[in-house]
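Below you'll find the structure, written out as structure tokens, and then a few comments.
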There are 2 protein chains.
Amino acid sequence: MSKCEQCIIKQFNSLKSLTKDELVRISACKTSKKIKKGEVIFEEGEMLNGVYCVRDGICKLTKLSENGKDQIVKMVVKGQLLGQRSIISDEASNLQAIALNDMEVCFIPKSEIIADLQKNPKFSFDVLKDMASDLREADDVIVNMAQKSVRQRLAESLIYIHENFGVNPDGTLSILLSREDYASIVGTATESAIRVLSQFKKDGLISTIGKFIKIEDLNGLKRIE
Amino acid sequence: MSKCEQCIIKQFNSLKSLTKDELVRISACKTSKKIKKGEVIFEEGEMLNGVYCVRDGICKLTKLSENGKDQIVKMVVKGQLLGQRSIISDEASNLQAIALNDMEVCFIPKSEIIADLQKNPKFSFDVLKDMASDLREADDVIVNMAQKSVRQRLAESLIYIHENFGVNPDGTLSILLSREDYASIVGTATESAIRVLSQFKKDGLISTIGKFIKIEDLNGLKRIE
DNA sequence: CGAACGCTTGACAGAATTCAAGTCTGGTGG
DNA sequence: CCACCAGACTTGAATTCTGTCAAGCGTTCG
């Protein structure tokens with residue numbers, strides 16, 4: 001099993017603020033795990049007893065709304081942590097995590113994280129910054145959901161994925177999502193999402209290569225109102 | 001000027017985790033401020049150089065969306081802190097704060113808060129918990145905005161206000177909001193909010209006493225789908 | 001008193017959901 | 001190998017929801 005203190009992934013999250021000693025200690029009790037596409041990492045309402053550090057792959061965090069539909073609240077990619085919130089508030093998770101492709105994660109027990117939060121103010125402050133940034137993003141999502149049309153929201157989601165999760169060599173979005181996933185991101189019916197995507201394609205804003213989506217006119221998408 | 005170490009308001013927020021010495025030091029450099037209804041506490045994009053501790057009154061945190069409409073993202077009441085997020089991430093505020101009634105707040109300079117965050121892990125952990133709780137609430141709002149109808153959202157907002165901000169002796173909601181504010185909470189046109197409220201009234205779910213709203217059938221509101 | 005503002009209602013257009021087909025695809029079992 | 005099936009995808013049509021524009025009412029405040 002590889003060692004945390006040598007892992008480059010930690011450069012991208014708050015674990016970078018831990019001392020070498022702390023990393024060695026965590027490394028000793030962490031467990032590595034492979035998760036297959038579609039597999040559930042944790043359920044809504046489940047008590048987490050640790051956090052996950054995503055070494056590879058992508059997952060979606062969803063919440064079941066009262067009308068029975070899943071809403072994708074956030075997507076977590078390589079380099080990010082998963083589950084800090086539930087650990088910190090010491091409550092059951094309010095979200096479900098599902099792998100969108102094959103993943104590799106490290107599981108770090110709750111006790112270790114809590115101990116470091118209490119002892120290492122730099123680490124604690126870094127986590128604080130992460131959460132502040134999450135909150136700011138959440139505010140943006142709230143405003144978009146509340147004020148914009150399905151068409152606008154879908155356009156912005158495509159742009160977000162393009163800019164944050166990157167593209168394949170042929171220019172297609174590196175993340176492969178089903179139509180249902182897209183609908184679940186913008187909070188609409190699957191048919192509505194499909195219709196809007198068809199329209200984007202007809203307008204030359206996007207194209208499809210196999211199941212993948214390629215953005216052809218980024219500025220055109222940005223101009224949608 | 002009153003002293004922080006004797007202030008009971010601090011019992012309701014993370015400041016309760018500060019030591020007596022820290023409170024004395026903060027007390028020495030804080031400034032007390034009265035803010036009138038409708039007054040802006042800080043603007044979106046403004047650099048905050050401290051946090052506000054709300055001693056009395058209520059304010060709304062809004063964000064201007066690209067289509068020019070304000071969205072109410074959160075309401076902050078007596079006992080809560082205002083502006084931690086911007087201080088922590090050291091960025092301009094992403095929200096505007098406006099008093100909904102006459103307020104009394106204490107302003108604590110950024111340097112003091114940051115110093116205490118670095119030195120007092122208990123305080124820092126408490127702030128972390130606050131933000132974790134804010135994030136969870138934000139997730140709920142996202143799902144509601146994305147998946148529910150204007151009618152449902154308005155019903156839930158009324159319930160939220162009723163349960164979290166309390167009622168006057170005659171049973172009316174203690175917070176007085178304009179129709180435009182209600183529209184801005186659920187993210188809809190003012191006319192739409194008015195129409196839904198009228199319908200609620202016609203259905204006997206709510207009544208109005210002067211400008212105040214009184215919930216007549218809480219379970220009825222909860223049953224709306 | 002008049003102007004300004006918030007509140008209310010009507011009418012209509014456009015957006016979005018729902019239900020109901022039908023197509024395409026990859027995988028499975030014969 | 002091929003037929004077939006399940007699931008994802010696509011499109012159409014009817015219905016419902018929501019935003020917008022327009023008009024009128026009531027209150028407050030100068």
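Ligands are numbered from 1 in the order shown, chains are lettered A, B, ... in the order of the structure tokens, and residues start at 1 in each chain.
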Would you please give, as a ChimeraX atom specification, all residues of stretch 133-215 of chain A that DSSP assigns to helix (DSSP H, G or I) based on the backbone?
/A:133-147,150-165,179-186,190-202
Within 10 Å of stretch 12-27 of chain D using only C-alpha atoms (C1' of nucleotides), minus same-chain residues under 5 positions, as a PyMOL selection string:
(chain B and resi 149-150+188-192) or (chain C and resi 5-21)
Got time to write the residues from that selection, N, CA and C atoms (P, O5', C5', C4', C3', O3' and C1' of nucleotides), as a compact mmCIF listing (two decimals), in the first residue's frame?
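The result, written out as out-v3.txt:
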```txt
# COMPACT_ATOMS: atom_id res chain seq x y z
N SER B 149 -42.30 23.05 -7.03
CA SER B 149 -43.05 24.14 -7.65
C SER B 149 -43.00 25.38 -6.78
N VAL B 150 -43.36 26.50 -7.36
CA VAL B 150 -43.40 27.76 -6.63
C VAL B 150 -44.32 27.62 -5.42
N THR B 188 -39.13 33.70 -7.70
CA THR B 188 -40.20 33.78 -8.69
C THR B 188 -40.58 35.24 -8.90
N ALA B 189 -41.53 35.49 -9.79
CA ALA B 189 -41.99 36.85 -10.01
C ALA B 189 -42.88 37.27 -8.86
N THR B 190 -42.86 38.56 -8.53
CA THR B 190 -43.68 39.06 -7.43
C THR B 190 -45.14 38.68 -7.62
N GLU B 191 -45.65 38.84 -8.83
CA GLU B 191 -47.05 38.50 -9.10
C GLU B 191 -47.35 37.03 -8.80
N SER B 192 -46.41 36.16 -9.13
CA SER B 192 -46.62 34.74 -8.87
C SER B 192 -46.72 34.47 -7.37
P DC C 5 -41.34 55.37 -5.89
O5' DC C 5 -41.92 54.16 -5.05
C5' DC C 5 -42.17 54.35 -3.65
C4' DC C 5 -43.20 53.35 -3.21
C3' DC C 5 -42.97 51.96 -3.79
O3' DC C 5 -42.68 51.07 -2.73
C1' DC C 5 -45.26 52.58 -3.86
P DG C 6 -42.18 49.56 -3.07
O5' DG C 6 -43.39 48.70 -2.51
C5' DG C 6 -43.86 48.94 -1.19
C4' DG C 6 -45.24 48.35 -1.07
C3' DG C 6 -45.32 46.88 -1.49
O3' DG C 6 -46.00 46.15 -0.49
C1' DG C 6 -46.95 48.15 -2.64
P DC C 7 -46.18 44.58 -0.62
O5' DC C 7 -47.65 44.45 -1.20
C5' DC C 7 -48.74 44.97 -0.43
C4' DC C 7 -50.01 44.85 -1.25
C3' DC C 7 -50.32 43.43 -1.75
O3' DC C 7 -51.55 43.00 -1.21
C1' DC C 7 -50.62 45.04 -3.46
P DT C 8 -52.05 41.48 -1.43
O5' DT C 8 -52.86 41.58 -2.78
C5' DT C 8 -54.03 42.42 -2.84
C4' DT C 8 -54.61 42.37 -4.23
C3' DT C 8 -54.76 40.98 -4.83
O3' DT C 8 -56.15 40.67 -4.88
C1' DT C 8 -54.01 42.58 -6.42
P DT C 9 -56.69 39.24 -5.30
O5' DT C 9 -56.91 39.41 -6.86
C5' DT C 9 -57.83 40.38 -7.33
C4' DT C 9 -57.74 40.49 -8.84
C3' DT C 9 -57.83 39.16 -9.60
O3' DT C 9 -59.02 39.15 -10.36
C1' DT C 9 -56.14 40.58 -10.47
P DG C 10 -59.44 37.90 -11.27
O5' DG C 10 -58.94 38.38 -12.72
C5' DG C 10 -59.38 39.63 -13.22
C4' DG C 10 -58.94 39.81 -14.66
C3' DG C 10 -59.02 38.55 -15.52
O3' DG C 10 -59.58 38.89 -16.78
C1' DG C 10 -56.79 39.41 -15.54
P DA C 11 -59.95 37.78 -17.85
O5' DA C 11 -58.72 37.94 -18.86
C5' DA C 11 -58.25 39.24 -19.20
C4' DA C 11 -57.12 39.10 -20.21
C3' DA C 11 -57.22 37.84 -21.08
O3' DA C 11 -56.76 38.16 -22.38
C1' DA C 11 -55.19 37.83 -19.88
P DC C 12 -56.98 37.10 -23.59
O5' DC C 12 -55.48 36.69 -23.92
C5' DC C 12 -54.55 37.72 -24.25
C4' DC C 12 -53.15 37.20 -24.09
C3' DC C 12 -52.86 35.92 -24.89
O3' DC C 12 -51.81 36.21 -25.80
C1' DC C 12 -51.96 35.81 -22.70
P DA C 13 -51.43 35.11 -26.91
O5' DA C 13 -49.86 34.96 -26.66
C5' DA C 13 -49.09 36.11 -26.28
C4' DA C 13 -47.76 35.64 -25.75
C3' DA C 13 -47.14 34.50 -26.57
O3' DA C 13 -45.74 34.69 -26.64
C1' DA C 13 -47.52 33.77 -24.35
P DG C 14 -44.83 33.80 -27.56
O5' DG C 14 -43.92 33.02 -26.52
C5' DG C 14 -43.31 33.74 -25.45
C4' DG C 14 -42.87 32.75 -24.39
C3' DG C 14 -42.12 31.54 -24.94
O3' DG C 14 -40.91 31.47 -24.22
C1' DG C 14 -43.90 30.85 -23.52
P DA C 15 -39.89 30.26 -24.39
O5' DA C 15 -40.16 29.42 -23.06
C5' DA C 15 -40.19 30.12 -21.81
C4' DA C 15 -40.32 29.12 -20.68
C3' DA C 15 -39.44 27.89 -20.81
O3' DA C 15 -38.91 27.61 -19.52
C1' DA C 15 -41.71 27.24 -20.69
P DA C 16 -37.90 26.41 -19.31
O5' DA C 16 -38.84 25.23 -18.82
C5' DA C 16 -39.60 25.41 -17.64
C4' DA C 16 -40.43 24.19 -17.35
C3' DA C 16 -39.72 22.85 -17.52
O3' DA C 16 -39.77 22.16 -16.28
C1' DA C 16 -41.82 22.85 -18.64
P DT C 17 -39.45 20.60 -16.14
O5' DT C 17 -40.88 19.91 -16.17
C5' DT C 17 -41.87 20.36 -15.25
C4' DT C 17 -43.08 19.48 -15.33
C3' DT C 17 -42.80 17.98 -15.23
O3' DT C 17 -43.76 17.41 -14.35
C1' DT C 17 -44.01 18.43 -17.21
P DT C 18 -43.68 15.85 -13.94
O5' DT C 18 -44.75 15.14 -14.88
C5' DT C 18 -46.05 15.72 -15.02
C4' DT C 18 -46.80 15.00 -16.10
C3' DT C 18 -46.56 13.48 -16.13
O3' DT C 18 -47.81 12.84 -16.00
C1' DT C 18 -46.37 14.44 -18.31
P DC C 19 -47.94 11.25 -15.77
O5' DC C 19 -48.40 10.70 -17.20
C5' DC C 19 -49.53 11.30 -17.84
C4' DC C 19 -49.59 10.86 -19.28
C3' DC C 19 -49.35 9.36 -19.50
O3' DC C 19 -50.36 8.89 -20.37
C1' DC C 19 -47.97 10.65 -20.91
P DA C 20 -50.54 7.30 -20.69
O5' DA C 20 -50.32 7.23 -22.26
C5' DA C 20 -50.46 8.39 -23.08
C4' DA C 20 -49.72 8.18 -24.37
C3' DA C 20 -49.41 6.72 -24.71
O3' DA C 20 -49.73 6.47 -26.06
C1' DA C 20 -47.46 8.02 -24.84
P DA C 21 -49.80 4.93 -26.57
O5' DA C 21 -48.27 4.55 -26.73
C5' DA C 21 -47.77 3.97 -27.92
C4' DA C 21 -47.37 5.04 -28.90
C3' DA C 21 -46.33 4.51 -29.87
O3' DA C 21 -46.73 4.69 -31.20
C1' DA C 21 -45.44 6.34 -28.56
```
For chain B, which residues have at least one atom within 8 Å of chain A, if we go by only C-alpha atoms? Write them as a ChimeraX atom specification, please.
/B:63,65,67,69,71,73,85-86,88-89,94,117-122,124-125,128-129,131-136,138-139,141-147,186-188
What would the file look like if the residues just selected were written as a short mmCIF file (atom, residue, chain, number, x, y, z; two decimals), in the first residue's frame with N, CA and C atoms?
```cif
data_model
loop_
_atom_site.label_atom_id
_atom_site.label_comp_id
_atom_site.auth_asym_id
_atom_site.auth_seq_id
_atom_site.Cartn_x
_atom_site.Cartn_y
_atom_site.Cartn_z
N LYS B 63 -28.23 37.80 -3.35
CA LYS B 63 -27.25 37.77 -4.42
C LYS B 63 -27.96 38.20 -5.70
N SER B 65 -28.68 38.04 -9.43
CA SER B 65 -28.44 37.09 -10.51
C SER B 65 -28.23 37.85 -11.81
N ASN B 67 -29.77 37.95 -14.48
CA ASN B 67 -30.96 38.54 -15.11
C ASN B 67 -31.44 39.79 -14.37
N LYS B 69 -32.33 40.10 -11.13
CA LYS B 69 -33.19 39.96 -9.95
C LYS B 69 -32.38 39.55 -8.74
N GLN B 71 -31.85 37.49 -5.33
CA GLN B 71 -32.30 36.24 -4.73
C GLN B 71 -31.90 36.25 -3.26
N VAL B 73 -30.75 34.40 -0.25
CA VAL B 73 -30.06 33.13 -0.09
C VAL B 73 -30.20 32.62 1.34
N ARG B 85 -17.65 33.79 6.33
CA ARG B 85 -17.19 33.14 5.10
C ARG B 85 -16.19 34.01 4.34
N SER B 86 -16.54 35.27 4.16
CA SER B 86 -15.66 36.16 3.40
C SER B 86 -14.34 36.36 4.11
N ILE B 88 -12.87 34.23 6.14
CA ILE B 88 -12.08 33.00 6.08
C ILE B 88 -11.43 32.81 4.71
N SER B 89 -12.22 33.04 3.67
CA SER B 89 -11.65 32.82 2.34
C SER B 89 -10.87 34.03 1.87
N ASN B 94 -19.64 37.55 -1.40
CA ASN B 94 -20.43 37.18 -2.58
C ASN B 94 -21.90 37.50 -2.39
N LEU B 117 -8.86 32.17 15.41
CA LEU B 117 -9.02 30.95 14.63
C LEU B 117 -7.73 30.16 14.60
N GLN B 118 -6.61 30.88 14.53
CA GLN B 118 -5.31 30.21 14.46
C GLN B 118 -4.91 29.61 15.81
N LYS B 119 -5.32 30.31 16.88
CA LYS B 119 -4.81 29.90 18.18
C LYS B 119 -5.74 29.00 18.97
N ASN B 120 -7.02 29.15 18.76
CA ASN B 120 -7.98 28.42 19.58
C ASN B 120 -8.70 27.34 18.76
N PRO B 121 -8.25 26.11 18.85
CA PRO B 121 -8.82 25.04 18.03
C PRO B 121 -10.29 24.78 18.33
N LYS B 122 -10.68 25.00 19.55
CA LYS B 122 -12.08 24.79 19.91
C LYS B 122 -12.98 25.79 19.17
N SER B 124 -12.18 27.38 16.42
CA SER B 124 -12.08 27.05 15.01
C SER B 124 -12.99 25.87 14.65
N PHE B 125 -13.04 24.89 15.53
CA PHE B 125 -13.89 23.72 15.28
C PHE B 125 -15.37 24.08 15.33
N LEU B 128 -16.25 25.70 12.18
CA LEU B 128 -16.34 24.62 11.21
C LEU B 128 -17.72 23.97 11.27
N LYS B 129 -18.19 23.73 12.47
CA LYS B 129 -19.52 23.12 12.64
C LYS B 129 -20.62 24.02 12.09
N MET B 131 -20.36 26.15 9.71
CA MET B 131 -20.33 26.15 8.26
C MET B 131 -20.84 24.83 7.69
N ALA B 132 -20.55 23.74 8.39
CA ALA B 132 -21.07 22.44 7.97
C ALA B 132 -22.59 22.47 7.99
N SER B 133 -23.13 23.09 9.00
CA SER B 133 -24.58 23.18 9.11
C SER B 133 -25.16 24.08 8.02
N ASP B 134 -24.46 25.18 7.72
CA ASP B 134 -24.90 26.06 6.63
C ASP B 134 -24.90 25.30 5.30
N LEU B 135 -23.88 24.49 5.11
CA LEU B 135 -23.77 23.74 3.86
C LEU B 135 -24.91 22.75 3.71
N ARG B 136 -25.23 22.10 4.81
CA ARG B 136 -26.33 21.14 4.76
C ARG B 136 -27.63 21.86 4.40
N ALA B 138 -27.87 24.59 2.75
CA ALA B 138 -27.77 25.01 1.35
C ALA B 138 -28.13 23.87 0.41
N ASP B 139 -27.71 22.66 0.76
CA ASP B 139 -28.07 21.50 -0.06
C ASP B 139 -29.58 21.35 -0.13
N VAL B 141 -31.81 23.66 0.21
CA VAL B 141 -32.37 24.73 -0.60
C VAL B 141 -32.19 24.42 -2.08
N ILE B 142 -31.02 23.93 -2.44
CA ILE B 142 -30.76 23.60 -3.84
C ILE B 142 -31.78 22.59 -4.36
N VAL B 143 -31.99 21.54 -3.59
CA VAL B 143 -32.93 20.51 -4.02
C VAL B 143 -34.34 21.09 -4.14
N ASN B 144 -34.73 21.90 -3.17
CA ASN B 144 -36.07 22.48 -3.22
C ASN B 144 -36.24 23.38 -4.44
N MET B 145 -35.25 24.22 -4.68
CA MET B 145 -35.33 25.13 -5.81
C MET B 145 -35.40 24.36 -7.12
N ALA B 146 -34.61 23.29 -7.18
CA ALA B 146 -34.50 22.55 -8.44
C ALA B 146 -35.73 21.69 -8.72
N GLN B 147 -36.36 21.19 -7.69
CA GLN B 147 -37.35 20.14 -7.91
C GLN B 147 -38.79 20.52 -7.58
N VAL B 186 -38.35 32.54 -2.82
CA VAL B 186 -38.63 31.34 -3.60
C VAL B 186 -38.14 31.46 -5.04
N GLY B 187 -37.66 32.63 -5.43
CA GLY B 187 -37.11 32.80 -6.77
C GLY B 187 -38.18 32.81 -7.84
N THR B 188 -39.13 33.70 -7.70
CA THR B 188 -40.20 33.78 -8.69
C THR B 188 -40.58 35.24 -8.90
#
```
Write out as a PyMOL selection string which residues come within 9 Å of B:Leu205 when counting only C-alpha atoms (C1' of nucleotides), dropping same-chain ones fewer than 5 positions away.
chain B and resi 199-200+214-221
Between atom CA of A:His162 and atom CA of A:Val40, measure the distance and give it in Å to one decimal.
24.9 Å
